[in-house]
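This is input_29.pdb. It holds PDB, C-alpha atoms.
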```
ATOM      1  CA  MET A  10       6.818  11.559  42.042  1.00  0.00           C
ATOM      2  CA  PHE A  11       8.058  10.336  45.424  1.00  0.00           C
ATOM      3  CA  LYS A  12       7.284   6.672  44.775  1.00  0.00           C
ATOM      4  CA  LEU A  13       9.231   6.555  41.522  1.00  0.00           C
ATOM      5  CA  LYS A  14      12.214   8.284  43.096  1.00  0.00           C
ATOM      6  CA  TYR A  15      12.046   5.830  46.000  1.00  0.00           C
ATOM      7  CA  LEU A  16      12.105   2.936  43.537  1.00  0.00           C
ATOM      8  CA  LEU A  17      15.151   4.389  41.796  1.00  0.00           C
ATOM      9  CA  ARG A  18      16.995   4.695  45.109  1.00  0.00           C
ATOM     10  CA  CYS A  19      15.931   1.177  46.017  1.00  0.00           C
ATOM     11  CA  ARG A  20      17.272  -0.235  42.750  1.00  0.00           C
ATOM     12  CA  VAL A  21      20.647   1.457  43.328  1.00  0.00           C
ATOM     13  CA  PHE A  22      20.800  -0.094  46.790  1.00  0.00           C
ATOM     14  CA  TYR A  23      19.871  -3.535  45.428  1.00  0.00           C
ATOM     15  CA  SER A  24      22.464  -3.298  42.632  1.00  0.00           C
ATOM     16  CA  GLU A  25      25.155  -2.433  45.164  1.00  0.00           C
ATOM     17  CA  TYR A  26      24.040  -5.322  47.362  1.00  0.00           C
ATOM     18  CA  LYS A  27      24.337  -7.790  44.469  1.00  0.00           C
ATOM     19  CA  ALA A  28      27.791  -6.464  43.620  1.00  0.00           C
ATOM     20  CA  ARG A  29      28.981  -6.820  47.204  1.00  0.00           C
ATOM     21  CA  SER A  30      27.612 -10.342  47.550  1.00  0.00           C
ATOM     22  CA  ASN A  31      28.910 -11.429  44.131  1.00  0.00           C
ATOM     23  CA  PHE A  32      25.389 -12.589  43.359  1.00  0.00           C
ATOM     24  CA  LEU A  33      24.977 -12.921  39.600  1.00  0.00           C
ATOM     25  CA  PRO A  34      21.416 -13.893  38.627  1.00  0.00           C
ATOM     26  CA  VAL A  35      20.835 -15.868  35.442  1.00  0.00           C
ATOM     27  CA  PRO A  36      20.059 -13.289  32.732  1.00  0.00           C
ATOM     28  CA  GLN A  37      16.586 -13.454  31.199  1.00  0.00           C
ATOM     29  CA  SER A  38      15.241 -11.646  28.145  1.00  0.00           C
ATOM     30  CA  ALA A  39      12.159  -9.539  28.697  1.00  0.00           C
ATOM     31  CA  PHE A  40       8.993 -11.608  28.403  1.00  0.00           C
ATOM     32  CA  THR A  41      10.932 -14.904  28.085  1.00  0.00           C
ATOM     33  CA  TYR A  42       8.793 -17.884  29.005  1.00  0.00           C
ATOM     34  CA  THR A  43      10.627 -20.489  31.095  1.00  0.00           C
ATOM     35  CA  THR A  44       9.684 -24.044  31.984  1.00  0.00           C
ATOM     36  CA  GLN A  45      10.562 -26.517  34.733  1.00  0.00           C
ATOM     37  CA  SER A  46      12.898 -28.492  32.450  1.00  0.00           C
ATOM     38  CA  LYS A  47      16.569 -27.643  32.070  1.00  0.00           C
ATOM     39  CA  GLU A  48      16.312 -27.623  28.259  1.00  0.00           C
ATOM     40  CA  PRO A  49      14.151 -25.033  26.492  1.00  0.00           C
ATOM     41  CA  ASP A  50      10.741 -26.313  25.406  1.00  0.00           C
ATOM     42  CA  MET A  51      10.987 -25.665  21.670  1.00  0.00           C
ATOM     43  CA  ASN A  52       7.252 -26.200  21.172  1.00  0.00           C
ATOM     44  CA  VAL A  53       6.519 -23.412  23.633  1.00  0.00           C
ATOM     45  CA  LEU A  54       9.158 -21.135  22.083  1.00  0.00           C
ATOM     46  CA  ASN A  55       7.792 -21.759  18.587  1.00  0.00           C
ATOM     47  CA  THR A  56       4.264 -21.034  19.785  1.00  0.00           C
ATOM     48  CA  ILE A  57       5.394 -17.743  21.304  1.00  0.00           C
ATOM     49  CA  LYS A  58       7.230 -16.854  18.112  1.00  0.00           C
ATOM     50  CA  SER A  59       4.227 -17.618  15.899  1.00  0.00           C
ATOM     51  CA  SER A  60       1.897 -15.690  18.208  1.00  0.00           C
ATOM     52  CA  PHE A  61       4.010 -12.535  17.923  1.00  0.00           C
ATOM     53  CA  SER A  62       4.827 -13.086  14.273  1.00  0.00           C
ATOM     54  CA  SER A  63       1.197 -12.873  13.217  1.00  0.00           C
ATOM     55  CA  SER A  64       0.795  -9.637  11.292  1.00  0.00           C
ATOM     56  CA  GLY A  65      -1.202  -6.814  12.821  1.00  0.00           C
ATOM     57  CA  LEU A  66      -1.501  -7.695  16.505  1.00  0.00           C
ATOM     58  CA  GLU A  67      -4.590  -6.012  17.908  1.00  0.00           C
ATOM     59  CA  THR A  68      -3.960  -3.098  20.279  1.00  0.00           C
ATOM     60  CA  PRO A  69      -6.283  -1.231  22.647  1.00  0.00           C
ATOM     61  CA  THR A  70      -8.205   1.680  21.149  1.00  0.00           C
ATOM     62  CA  TYR A  71      -6.985   5.199  21.873  1.00  0.00           C
ATOM     63  CA  THR A  72      -6.975   8.718  20.473  1.00  0.00           C
ATOM     64  CA  GLU A  73      -3.795  10.759  20.320  1.00  0.00           C
ATOM     65  CA  GLY A  74      -3.512  14.130  21.993  1.00  0.00           C
ATOM     66  CA  LYS A  75      -0.671  16.606  22.021  1.00  0.00           C
ATOM     67  CA  LYS A  76       2.966  15.592  21.600  1.00  0.00           C
ATOM     68  CA  GLN A  77       5.698  17.660  23.197  1.00  0.00           C
ATOM     69  CA  ASP A  78       9.273  16.912  24.331  1.00  0.00           C
ATOM     70  CA  ASP A  79       8.962  13.410  22.790  1.00  0.00           C
ATOM     71  CA  VAL A  80       6.074  12.742  25.177  1.00  0.00           C
ATOM     72  CA  GLN A  81       2.824  11.562  23.559  1.00  0.00           C
ATOM     73  CA  GLU A  82      -0.534  12.013  25.259  1.00  0.00           C
ATOM     74  CA  ARG A  83      -3.131   9.298  24.574  1.00  0.00           C
ATOM     75  CA  ARG A  84      -6.711   8.767  25.698  1.00  0.00           C
ATOM     76  CA  TYR A  85      -7.434   5.045  26.033  1.00  0.00           C
ATOM     77  CA  GLU A  86     -10.976   3.689  25.995  1.00  0.00           C
ATOM     78  CA  ALA A  87     -12.190   1.534  28.879  1.00  0.00           C
ATOM     79  CA  ALA A  88     -11.366  -2.127  28.199  1.00  0.00           C
ATOM     80  CA  LYS A  89     -10.785  -5.534  29.779  1.00  0.00           C
ATOM     81  CA  TRP A  90      -7.279  -6.921  30.250  1.00  0.00           C
ATOM     82  CA  VAL A  91      -6.136 -10.286  31.594  1.00  0.00           C
ATOM     83  CA  SER A  92      -3.579  -9.810  34.356  1.00  0.00           C
ATOM     84  CA  THR A  93      -1.434 -11.480  36.983  1.00  0.00           C
ATOM     85  CA  SER A  94       0.589  -9.989  39.846  1.00  0.00           C
ATOM     86  CA  VAL A  95       4.097 -10.960  40.927  1.00  0.00           C
ATOM     87  CA  GLU A  96       5.829  -9.777  44.092  1.00  0.00           C
ATOM     88  CA  GLY A  97       9.562  -9.231  43.845  1.00  0.00           C
ATOM     89  CA  MET A  98      12.534  -6.948  43.384  1.00  0.00           C
ATOM     90  CA  GLU A  99      13.535  -7.627  39.767  1.00  0.00           C
ATOM     91  CA  LEU A 100      11.433  -6.356  36.872  1.00  0.00           C
ATOM     92  CA  LYS A 101      12.639  -8.866  34.263  1.00  0.00           C
ATOM     93  CA  LYS A 102      12.120 -11.843  36.524  1.00  0.00           C
ATOM     94  CA  ALA A 103       8.594 -10.684  37.373  1.00  0.00           C
ATOM     95  CA  GLN A 104       7.768 -10.019  33.702  1.00  0.00           C
ATOM     96  CA  SER A 105       9.011 -13.478  32.735  1.00  0.00           C
ATOM     97  CA  GLU A 106       6.895 -15.193  35.383  1.00  0.00           C
ATOM     98  CA  GLY A 107       3.847 -13.074  34.623  1.00  0.00           C
ATOM     99  CA  PHE A 108       4.178 -13.556  30.867  1.00  0.00           C
ATOM    100  CA  GLY A 109       4.298 -17.323  31.342  1.00  0.00           C
ATOM    101  CA  ARG A 110       1.019 -17.382  33.278  1.00  0.00           C
ATOM    102  CA  LEU A 111      -0.750 -15.162  30.760  1.00  0.00           C
ATOM    103  CA  PHE A 112       0.609 -17.036  27.757  1.00  0.00           C
ATOM    104  CA  LYS A 113      -0.846 -20.249  29.191  1.00  0.00           C
ATOM    105  CA  TYR A 114      -4.182 -18.444  29.544  1.00  0.00           C
ATOM    106  CA  ILE A 115      -4.325 -17.321  25.906  1.00  0.00           C
ATOM    107  CA  THR A 116      -3.238 -20.748  24.611  1.00  0.00           C
ATOM    108  CA  GLY A 117      -6.211 -22.453  26.268  1.00  0.00           C
ATOM    109  CA  ASN A 118      -5.473 -22.728  29.991  1.00  0.00           C
ATOM    110  CA  ASN A 119      -8.832 -21.184  30.890  1.00  0.00           C
ATOM    111  CA  LYS A 120     -12.098 -22.765  31.999  1.00  0.00           C
ATOM    112  CA  PRO A 121     -13.728 -23.062  28.539  1.00  0.00           C
ATOM    113  CA  GLY A 122     -10.394 -24.020  26.927  1.00  0.00           C
ATOM    114  CA  THR A 123     -10.626 -21.099  24.495  1.00  0.00           C
ATOM    115  CA  LYS A 124      -7.583 -19.930  22.561  1.00  0.00           C
ATOM    116  CA  VAL A 125      -7.217 -16.150  22.585  1.00  0.00           C
ATOM    117  CA  ASP A 126      -5.157 -14.170  20.077  1.00  0.00           C
ATOM    118  CA  MET A 127      -1.972 -12.471  21.240  1.00  0.00           C
ATOM    119  CA  THR A 128      -2.245  -8.687  21.462  1.00  0.00           C
ATOM    120  CA  ALA A 129       0.109  -5.784  22.080  1.00  0.00           C
ATOM    121  CA  PRO A 130       1.480  -4.308  24.198  1.00  0.00           C
ATOM    122  CA  VAL A 131       2.505  -6.460  27.129  1.00  0.00           C
ATOM    123  CA  ALA A 132       1.953  -3.912  29.897  1.00  0.00           C
ATOM    124  CA  THR A 133       3.494  -4.115  33.351  1.00  0.00           C
ATOM    125  CA  ARG A 134       2.166  -1.930  36.166  1.00  0.00           C
ATOM    126  CA  ILE A 135       4.825  -1.259  38.799  1.00  0.00           C
ATOM    127  CA  ASN A 136       3.698  -0.449  42.330  1.00  0.00           C
ATOM    128  CA  PRO A 137       6.866   0.356  44.292  1.00  0.00           C
ATOM    129  CA  GLY A 138       6.957  -1.197  47.751  1.00  0.00           C
ATOM    130  CA  ALA A 139       7.426   0.861  50.889  1.00  0.00           C
ATOM    131  CA  GLY A 140       9.207  -1.752  52.986  1.00  0.00           C
ATOM    132  CA  PRO A 141      12.923  -1.923  53.772  1.00  0.00           C
ATOM    133  CA  ASN A 142      13.440  -4.852  51.385  1.00  0.00           C
ATOM    134  CA  CYS A 143      12.137  -2.756  48.452  1.00  0.00           C
ATOM    135  CA  GLU A 144       9.815  -5.522  47.217  1.00  0.00           C
ATOM    136  CA  ASN A 145       7.451  -4.264  44.530  1.00  0.00           C
ATOM    137  CA  THR A 146       4.211  -5.499  42.994  1.00  0.00           C
ATOM    138  CA  PHE A 147       4.471  -6.075  39.244  1.00  0.00           C
ATOM    139  CA  THR A 148       1.155  -6.640  37.457  1.00  0.00           C
ATOM    140  CA  VAL A 149       1.641  -8.004  33.935  1.00  0.00           C
ATOM    141  CA  SER A 150      -1.304  -7.597  31.553  1.00  0.00           C
ATOM    142  CA  PHE A 151      -2.453  -8.585  28.042  1.00  0.00           C
ATOM    143  CA  TYR A 152      -5.219  -6.625  26.332  1.00  0.00           C
ATOM    144  CA  ILE A 153      -8.276  -8.838  25.679  1.00  0.00           C
ATOM    145  CA  PRO A 154      -9.046  -8.889  21.914  1.00  0.00           C
ATOM    146  CA  SER A 155     -12.232  -7.125  20.836  1.00  0.00           C
ATOM    147  CA  LYS A 156     -14.062 -10.361  19.997  1.00  0.00           C
ATOM    148  CA  HIS A 157     -13.692 -11.493  23.628  1.00  0.00           C
ATOM    149  CA  GLN A 158     -14.189  -8.103  25.324  1.00  0.00           C
ATOM    150  CA  ALA A 159     -17.833  -8.707  26.216  1.00  0.00           C
ATOM    151  CA  ASP A 160     -17.219 -12.131  27.743  1.00  0.00           C
ATOM    152  CA  PRO A 161     -13.534 -13.039  28.283  1.00  0.00           C
ATOM    153  CA  PRO A 162     -12.781 -16.706  29.029  1.00  0.00           C
ATOM    154  CA  GLU A 163     -12.642 -17.265  32.779  1.00  0.00           C
ATOM    155  CA  PRO A 164      -9.089 -18.060  33.957  1.00  0.00           C
ATOM    156  CA  SER A 165      -8.294 -21.483  35.398  1.00  0.00           C
ATOM    157  CA  ASP A 166      -5.201 -20.292  37.256  1.00  0.00           C
ATOM    158  CA  PRO A 167      -6.224 -18.522  40.501  1.00  0.00           C
ATOM    159  CA  LYS A 168      -3.271 -16.156  40.030  1.00  0.00           C
ATOM    160  CA  VAL A 169      -4.713 -14.894  36.730  1.00  0.00           C
ATOM    161  CA  PHE A 170      -7.646 -12.472  36.689  1.00  0.00           C
ATOM    162  CA  ILE A 171      -9.666 -10.217  34.379  1.00  0.00           C
ATOM    163  CA  GLU A 172      -9.360  -6.472  34.996  1.00  0.00           C
ATOM    164  CA  GLU A 173     -11.623  -3.695  33.761  1.00  0.00           C
ATOM    165  CA  TRP A 174      -9.357  -0.766  32.969  1.00  0.00           C
ATOM    166  CA  PRO A 175     -11.236   2.530  33.077  1.00  0.00           C
ATOM    167  CA  GLU A 176     -10.930   5.182  30.418  1.00  0.00           C
ATOM    168  CA  ARG A 177      -7.656   6.941  31.124  1.00  0.00           C
ATOM    169  CA  THR A 178      -5.181   9.431  29.723  1.00  0.00           C
ATOM    170  CA  ILE A 179      -1.534   8.470  29.689  1.00  0.00           C
ATOM    171  CA  LEU A 180       1.712  10.281  28.988  1.00  0.00           C
ATOM    172  CA  CYS A 181       4.157   7.985  27.233  1.00  0.00           C
ATOM    173  CA  GLN A 182       7.705   8.127  25.994  1.00  0.00           C
ATOM    174  CA  GLY A 183       8.998   5.506  23.576  1.00  0.00           C
ATOM    175  CA  PHE A 184      12.434   4.083  22.804  1.00  0.00           C
ATOM    176  CA  GLY A 185      13.889   1.189  20.804  1.00  0.00           C
ATOM    177  CA  GLY A 186      16.158  -1.772  21.362  1.00  0.00           C
ATOM    178  CA  PHE A 187      16.076  -4.513  23.975  1.00  0.00           C
ATOM    179  CA  ALA A 188      15.098  -2.839  27.236  1.00  0.00           C
ATOM    180  CA  LYS A 189      17.050  -3.721  30.359  1.00  0.00           C
ATOM    181  CA  GLU A 190      15.783  -2.793  33.797  1.00  0.00           C
ATOM    182  CA  GLU A 191      18.230   0.113  34.009  1.00  0.00           C
ATOM    183  CA  THR A 192      16.919   1.351  30.643  1.00  0.00           C
ATOM    184  CA  TRP A 193      13.312   1.345  31.831  1.00  0.00           C
ATOM    185  CA  LEU A 194      14.277   3.230  34.981  1.00  0.00           C
ATOM    186  CA  SER A 195      16.378   5.745  33.054  1.00  0.00           C
ATOM    187  CA  HIS A 196      13.480   6.583  30.732  1.00  0.00           C
ATOM    188  CA  ALA A 197      11.059   6.710  33.663  1.00  0.00           C
ATOM    189  CA  LYS A 198      13.400   9.159  35.396  1.00  0.00           C
ATOM    190  CA  THR A 199      13.563  11.291  32.219  1.00  0.00           C
ATOM    191  CA  LEU A 200       9.777  11.279  31.885  1.00  0.00           C
ATOM    192  CA  THR A 201       9.464  12.223  35.571  1.00  0.00           C
ATOM    193  CA  GLY A 202      11.615  15.302  34.989  1.00  0.00           C
ATOM    194  CA  ILE A 203       9.575  16.369  31.942  1.00  0.00           C
ATOM    195  CA  VAL A 204       6.267  15.851  33.739  1.00  0.00           C
ATOM    196  CA  GLU A 205       7.403  17.819  36.781  1.00  0.00           C
ATOM    197  CA  GLU A 206       8.803  20.633  34.643  1.00  0.00           C
ATOM    198  CA  ARG A 207       5.506  20.908  32.760  1.00  0.00           C
ATOM    199  CA  GLY A 208       3.427  20.768  35.929  1.00  0.00           C
ATOM    200  CA  GLU A 209       1.449  17.730  34.784  1.00  0.00           C
ATOM    201  CA  LYS A 210      -0.431  15.835  37.489  1.00  0.00           C
ATOM    202  CA  VAL A 211      -0.025  12.061  37.248  1.00  0.00           C
ATOM    203  CA  HIS A 212      -0.512   9.120  39.595  1.00  0.00           C
ATOM    204  CA  SER A 213       2.732   8.883  41.526  1.00  0.00           C
ATOM    205  CA  ASN A 214       2.216   5.516  43.264  1.00  0.00           C
ATOM    206  CA  PHE A 215       2.467   3.421  40.099  1.00  0.00           C
ATOM    207  CA  TRP A 216       3.728   3.520  36.504  1.00  0.00           C
ATOM    208  CA  PHE A 217       3.828   1.197  33.487  1.00  0.00           C
ATOM    209  CA  THR A 218       6.254  -0.388  31.074  1.00  0.00           C
ATOM    210  CA  ALA A 219       4.862  -1.445  27.690  1.00  0.00           C
ATOM    211  CA  GLY A 220       6.605  -3.794  25.249  1.00  0.00           C
ATOM    212  CA  TYR A 221       5.302  -4.415  21.743  1.00  0.00           C
ATOM    213  CA  ASN A 222       7.609  -7.029  20.246  1.00  0.00           C
ATOM    214  CA  SER A 223       8.522 -10.681  20.341  1.00  0.00           C
ATOM    215  CA  PRO A 224      11.833 -11.507  22.045  1.00  0.00           C
ATOM    216  CA  PHE A 225      12.815 -12.963  18.649  1.00  0.00           C
ATOM    217  CA  GLN A 226      12.536  -9.593  16.869  1.00  0.00           C
ATOM    218  CA  MET A 227      15.995  -8.085  16.602  1.00  0.00           C
ATOM    219  CA  PHE A 228      15.284  -4.720  14.942  1.00  0.00           C
ATOM    220  CA  GLY A 229      12.555  -2.090  14.927  1.00  0.00           C
ATOM    221  CA  ARG A 230      11.574  -2.735  18.530  1.00  0.00           C
ATOM    222  CA  THR A 231       9.174  -0.449  20.397  1.00  0.00           C
ATOM    223  CA  ASN A 232       9.119   0.091  24.165  1.00  0.00           C
ATOM    224  CA  GLU A 233       7.208   2.725  26.117  1.00  0.00           C
ATOM    225  CA  VAL A 234       7.070   4.124  29.635  1.00  0.00           C
ATOM    226  CA  TRP A 235       3.551   5.162  30.682  1.00  0.00           C
ATOM    227  CA  PHE A 236       2.438   7.584  33.380  1.00  0.00           C
ATOM    228  CA  VAL A 237      -1.310   7.845  34.001  1.00  0.00           C
ATOM    229  CA  LYS A 238      -2.710  11.340  34.362  1.00  0.00           C
ATOM    230  CA  ASP A 239      -4.632  12.055  37.539  1.00  0.00           C
ATOM    231  CA  PRO A 240      -8.244  12.897  36.556  1.00  0.00           C
ATOM    232  CA  GLN A 241      -8.703  14.775  39.835  1.00  0.00           C
ATOM    233  CA  SER A 242      -6.036  17.321  38.928  1.00  0.00           C
TER     234      SER A 242
END
```

Conversion result in structure tokens:
Amino acid sequence: MFKLKYLLRCRVFYSEYKARSNFLPVPQSAFTYTTQSKEPDMNVLNTIKSSFSSSGLETPTYTEGKKQDDVQERRYEAAKWVSTSVEGMELKKAQSEGFGRLFKYITGNNKPGTKVDMTAPVATRINPGAGPNCENTFTVSFYIPSKHQADPPEPSDPKVFIEEWPERTILCQGFGGFAKEETWLSHAKTLTGIVEERGEKVHSNFWFTAGYNSPFQMFGRTNEVWFVKDPQS
């Protein structure tokens, strides 16, 4: 799990750098959509709230495998997701920017102007960078609902694209509350230790965060860290 450990070291370095430089970034909630205006766009916020508030958000299809040490194994079917990639050093900032692009896509900013239902989870693939500035690639993704799986609306934004995720087995560990970046990394570190102790073979050059709830939901929140098993192992 060299890449994950490198990312953890990188984040410690970056945190120390911010402390030394007295740089205090504006806090952002996970998956918060921001606009160019100084005042929040209440129409956008209400649309986000109603999208998440709809009962029974569709989720990708999977079958559950064994569960051990609070780690659940799942086998996900192949499916299409709409995605966008953001380069940067801060997970929350990248998730916010990526969520905004994808939310525009599902609310009609696509070539046919089709509105697409919100789904869960909001998944973020993290590819740790190898450079000295620790910049990572964060790919934020929404699952395409089943009624659009065969022919998803073509994105209008060149930064948004449709991905075909292959069938895959993941190892996931869930936790509640509002997840801060340090929380995600702490749970990823815990899952790394469990995976290594069990001798599981997973892809070590990327991992996922998965969030299932609206930023307006205060209780009963679900977050997950995903590692993808290596089929060649």

Quiz prompt | Reference answer for the PyMOL selection byres ((chain A and resi 183-190) around 6), as a PyMOL selection string | solution = chain A and resi 182+191-193+230-233

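Take CA of Gln241 (chain A) and CA of Arg84 (chain A): the distance between them is 15.5 Å.
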
Quiz prompt | Residues in the PyMOL selection byres ((chain A and resi 148-163) around 7), expressed as a list in words | solution =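 Taken on the displayed file, the PyMOL selection byres ((chain A and resi 148-163) around 7) yields the residues Glu67, Pro69, Lys89, Trp90, Val91, Ser92, Thr93, Ser94, Val95, Gln104, Gly107, Phe108, Asn119, Lys120, Pro121, Thr123, Asp126, Thr128, Ala129, Pro130, Val131, Ala132, Thr133, Arg134, Ile135, Thr146, Phe147, Pro164 and Ser165 of chain A.
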
Export of prior selection with C-alpha atoms as an mmCIF file, keeping the file's coordinate frame:
```
data_model
loop_
_atom_site.group_PDB
_atom_site.id
_atom_site.type_symbol
_atom_site.label_atom_id
_atom_site.label_comp_id
_atom_site.auth_asym_id
_atom_site.auth_seq_id
_atom_site.Cartn_x
_atom_site.Cartn_y
_atom_site.Cartn_z
ATOM 1 C CA GLU A 67 -4.590 -6.012 17.908
ATOM 2 C CA PRO A 69 -6.283 -1.231 22.647
ATOM 3 C CA LYS A 89 -10.785 -5.534 29.779
ATOM 4 C CA TRP A 90 -7.279 -6.921 30.250
ATOM 5 C CA VAL A 91 -6.136 -10.286 31.594
ATOM 6 C CA SER A 92 -3.579 -9.810 34.356
ATOM 7 C CA THR A 93 -1.434 -11.480 36.983
ATOM 8 C CA SER A 94 0.589 -9.989 39.846
ATOM 9 C CA VAL A 95 4.097 -10.960 40.927
ATOM 10 C CA GLN A 104 7.768 -10.019 33.702
ATOM 11 C CA GLY A 107 3.847 -13.074 34.623
ATOM 12 C CA PHE A 108 4.178 -13.556 30.867
ATOM 13 C CA ASN A 119 -8.832 -21.184 30.890
ATOM 14 C CA LYS A 120 -12.098 -22.765 31.999
ATOM 15 C CA PRO A 121 -13.728 -23.062 28.539
ATOM 16 C CA THR A 123 -10.626 -21.099 24.495
ATOM 17 C CA ASP A 126 -5.157 -14.170 20.077
ATOM 18 C CA THR A 128 -2.245 -8.687 21.462
ATOM 19 C CA ALA A 129 0.109 -5.784 22.080
ATOM 20 C CA PRO A 130 1.480 -4.308 24.198
ATOM 21 C CA VAL A 131 2.505 -6.460 27.129
ATOM 22 C CA ALA A 132 1.953 -3.912 29.897
ATOM 23 C CA THR A 133 3.494 -4.115 33.351
ATOM 24 C CA ARG A 134 2.166 -1.930 36.166
ATOM 25 C CA ILE A 135 4.825 -1.259 38.799
ATOM 26 C CA THR A 146 4.211 -5.499 42.994
ATOM 27 C CA PHE A 147 4.471 -6.075 39.244
ATOM 28 C CA PRO A 164 -9.089 -18.060 33.957
ATOM 29 C CA SER A 165 -8.294 -21.483 35.398
#
```

Practice problem: List the neighbours of Asn136 (chain A) out to 12 Å using only C-alpha atoms; skip same-chain residues closer than 4 positions along the sequence, and give me the result as a ChimeraX atom specification. | Solution: /A:12-13,15-16,94-98,100,143-149,212-218

Output, as JSON, the centre and edge lengths in Å (one decimal) of the axis-aligned box that contains all listed atoms of region 121-131 of chain A with 5 Å of margin on each side.
```
{"center_x": -5.6, "center_y": -14.2, "center_z": 24.3, "size_x": 26.2, "size_y": 29.7, "size_z": 18.5}
```

Practice problem: Considering only C-alpha atoms, return as a PyMOL selection string whatever protein or nucleic-acid residues lie within 12 Å of Arg177 (chain A), sequence-local ones (same chain, fewer than 5 positions apart) excluded. | Solution: chain A and resi 69-72+82-88+211-212+235-241

Exercise. In Å, rounded to a single decimal, give me how far CA of Thr68 (chain A) is from CA of Gln226 (chain A).
Key: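 Answer for the CA of Gln226 (chain A) to CA of Thr68 (chain A) separation: 18.1 Å.
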
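CA of Lys113 (chain A) to CA of Pro175 (chain A) spans 25.3 Å [interatomic distance, one decimal].
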
Give me, as a JSON list (two decimals) with C-alpha atoms, keeping the file's coordinate frame, all polymer residues having an atom no more than 7 Å from Ile115 (chain A), counting all atoms listed in the file and skipping those fewer than 4 positions away in the same chain.
```json
[["chain", "number", "residue", "atom", "x", "y", "z"],
["A", 111, "LEU", "CA", -0.75, -15.16, 30.76],
["A", 124, "LYS", "CA", -7.58, -19.93, 22.56],
["A", 125, "VAL", "CA", -7.22, -16.15, 22.58],
["A", 126, "ASP", "CA", -5.16, -14.17, 20.08]]
```

Practice problem: Identify which of the residues A:Lys75, A:Lys102, A:Lys210, A:Arg110 lies closest to Pro167 (chain A), counting all atoms listed in the file when measuring atom-to-atom distances. | Solution: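 Of all the options, A:Arg110 lies closest to Pro167 (chain A).
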
With N, CA, C and O atoms as the goal, would you fill in the gaps in region 172-183 of chain A and present it as a PDB file, in the frame of the given file?
```
ATOM      1  N   GLU A 172      -9.242  -7.835  34.479  1.00  0.00           N
ATOM      2  CA  GLU A 172      -9.360  -6.472  34.996  1.00  0.00           C
ATOM      3  C   GLU A 172     -10.140  -5.592  34.023  1.00  0.00           C
ATOM      4  O   GLU A 172      -9.986  -5.722  32.809  1.00  0.00           O
ATOM      5  N   GLU A 173     -10.947  -4.715  34.565  1.00  0.00           N
ATOM      6  CA  GLU A 173     -11.623  -3.695  33.761  1.00  0.00           C
ATOM      7  C   GLU A 173     -10.844  -2.400  33.930  1.00  0.00           C
ATOM      8  O   GLU A 173     -10.885  -1.775  34.990  1.00  0.00           O
ATOM      9  N   TRP A 174     -10.087  -2.026  32.901  1.00  0.00           N
ATOM     10  CA  TRP A 174      -9.357  -0.766  32.969  1.00  0.00           C
ATOM     11  C   TRP A 174     -10.287   0.373  32.591  1.00  0.00           C
ATOM     12  O   TRP A 174     -10.928   0.318  31.531  1.00  0.00           O
ATOM     13  N   PRO A 175     -10.370   1.400  33.413  1.00  0.00           N
ATOM     14  CA  PRO A 175     -11.236   2.530  33.077  1.00  0.00           C
ATOM     15  C   PRO A 175     -10.643   3.367  31.951  1.00  0.00           C
ATOM     16  O   PRO A 175      -9.461   3.224  31.605  1.00  0.00           O
ATOM     17  N   GLU A 176     -11.454   4.208  31.377  1.00  0.00           N
ATOM     18  CA  GLU A 176     -10.930   5.182  30.418  1.00  0.00           C
ATOM     19  C   GLU A 176      -9.872   6.013  31.130  1.00  0.00           C
ATOM     20  O   GLU A 176     -10.061   6.425  32.272  1.00  0.00           O
ATOM     21  N   ARG A 177      -8.750   6.228  30.458  1.00  0.00           N
ATOM     22  CA  ARG A 177      -7.656   6.941  31.124  1.00  0.00           C
ATOM     23  C   ARG A 177      -6.794   7.656  30.089  1.00  0.00           C
ATOM     24  O   ARG A 177      -6.736   7.262  28.926  1.00  0.00           O
ATOM     25  N   THR A 178      -6.127   8.701  30.563  1.00  0.00           N
ATOM     26  CA  THR A 178      -5.181   9.431  29.723  1.00  0.00           C
ATOM     27  C   THR A 178      -3.787   9.135  30.223  1.00  0.00           C
ATOM     28  O   THR A 178      -3.503   9.234  31.427  1.00  0.00           O
ATOM     29  N   ILE A 179      -2.910   8.764  29.299  1.00  0.00           N
ATOM     30  CA  ILE A 179      -1.534   8.470  29.689  1.00  0.00           C
ATOM     31  C   ILE A 179      -0.568   9.415  28.984  1.00  0.00           C
ATOM     32  O   ILE A 179      -0.865   9.967  27.920  1.00  0.00           O
ATOM     33  N   LEU A 180       0.575   9.595  29.607  1.00  0.00           N
ATOM     34  CA  LEU A 180       1.712  10.281  28.988  1.00  0.00           C
ATOM     35  C   LEU A 180       2.770   9.212  28.756  1.00  0.00           C
ATOM     36  O   LEU A 180       3.149   8.505  29.698  1.00  0.00           O
ATOM     37  N   CYS A 181       3.214   9.057  27.515  1.00  0.00           N
ATOM     38  CA  CYS A 181       4.157   7.985  27.233  1.00  0.00           C
ATOM     39  C   CYS A 181       5.365   8.505  26.475  1.00  0.00           C
ATOM     40  O   CYS A 181       5.284   9.484  25.724  1.00  0.00           O
ATOM     41  N   GLN A 182       6.469   7.831  26.706  1.00  0.00           N
ATOM     42  CA  GLN A 182       7.705   8.127  25.994  1.00  0.00           C
ATOM     43  C   GLN A 182       8.273   6.813  25.488  1.00  0.00           C
ATOM     44  O   GLN A 182       8.443   5.861  26.254  1.00  0.00           O
ATOM     45  N   GLY A 183       8.538   6.742  24.174  1.00  0.00           N
ATOM     46  CA  GLY A 183       8.998   5.506  23.576  1.00  0.00           C
ATOM     47  C   GLY A 183      10.499   5.482  23.319  1.00  0.00           C
ATOM     48  O   GLY A 183      11.158   6.520  23.256  1.00  0.00           O
TER      49      GLY A 183
END
```
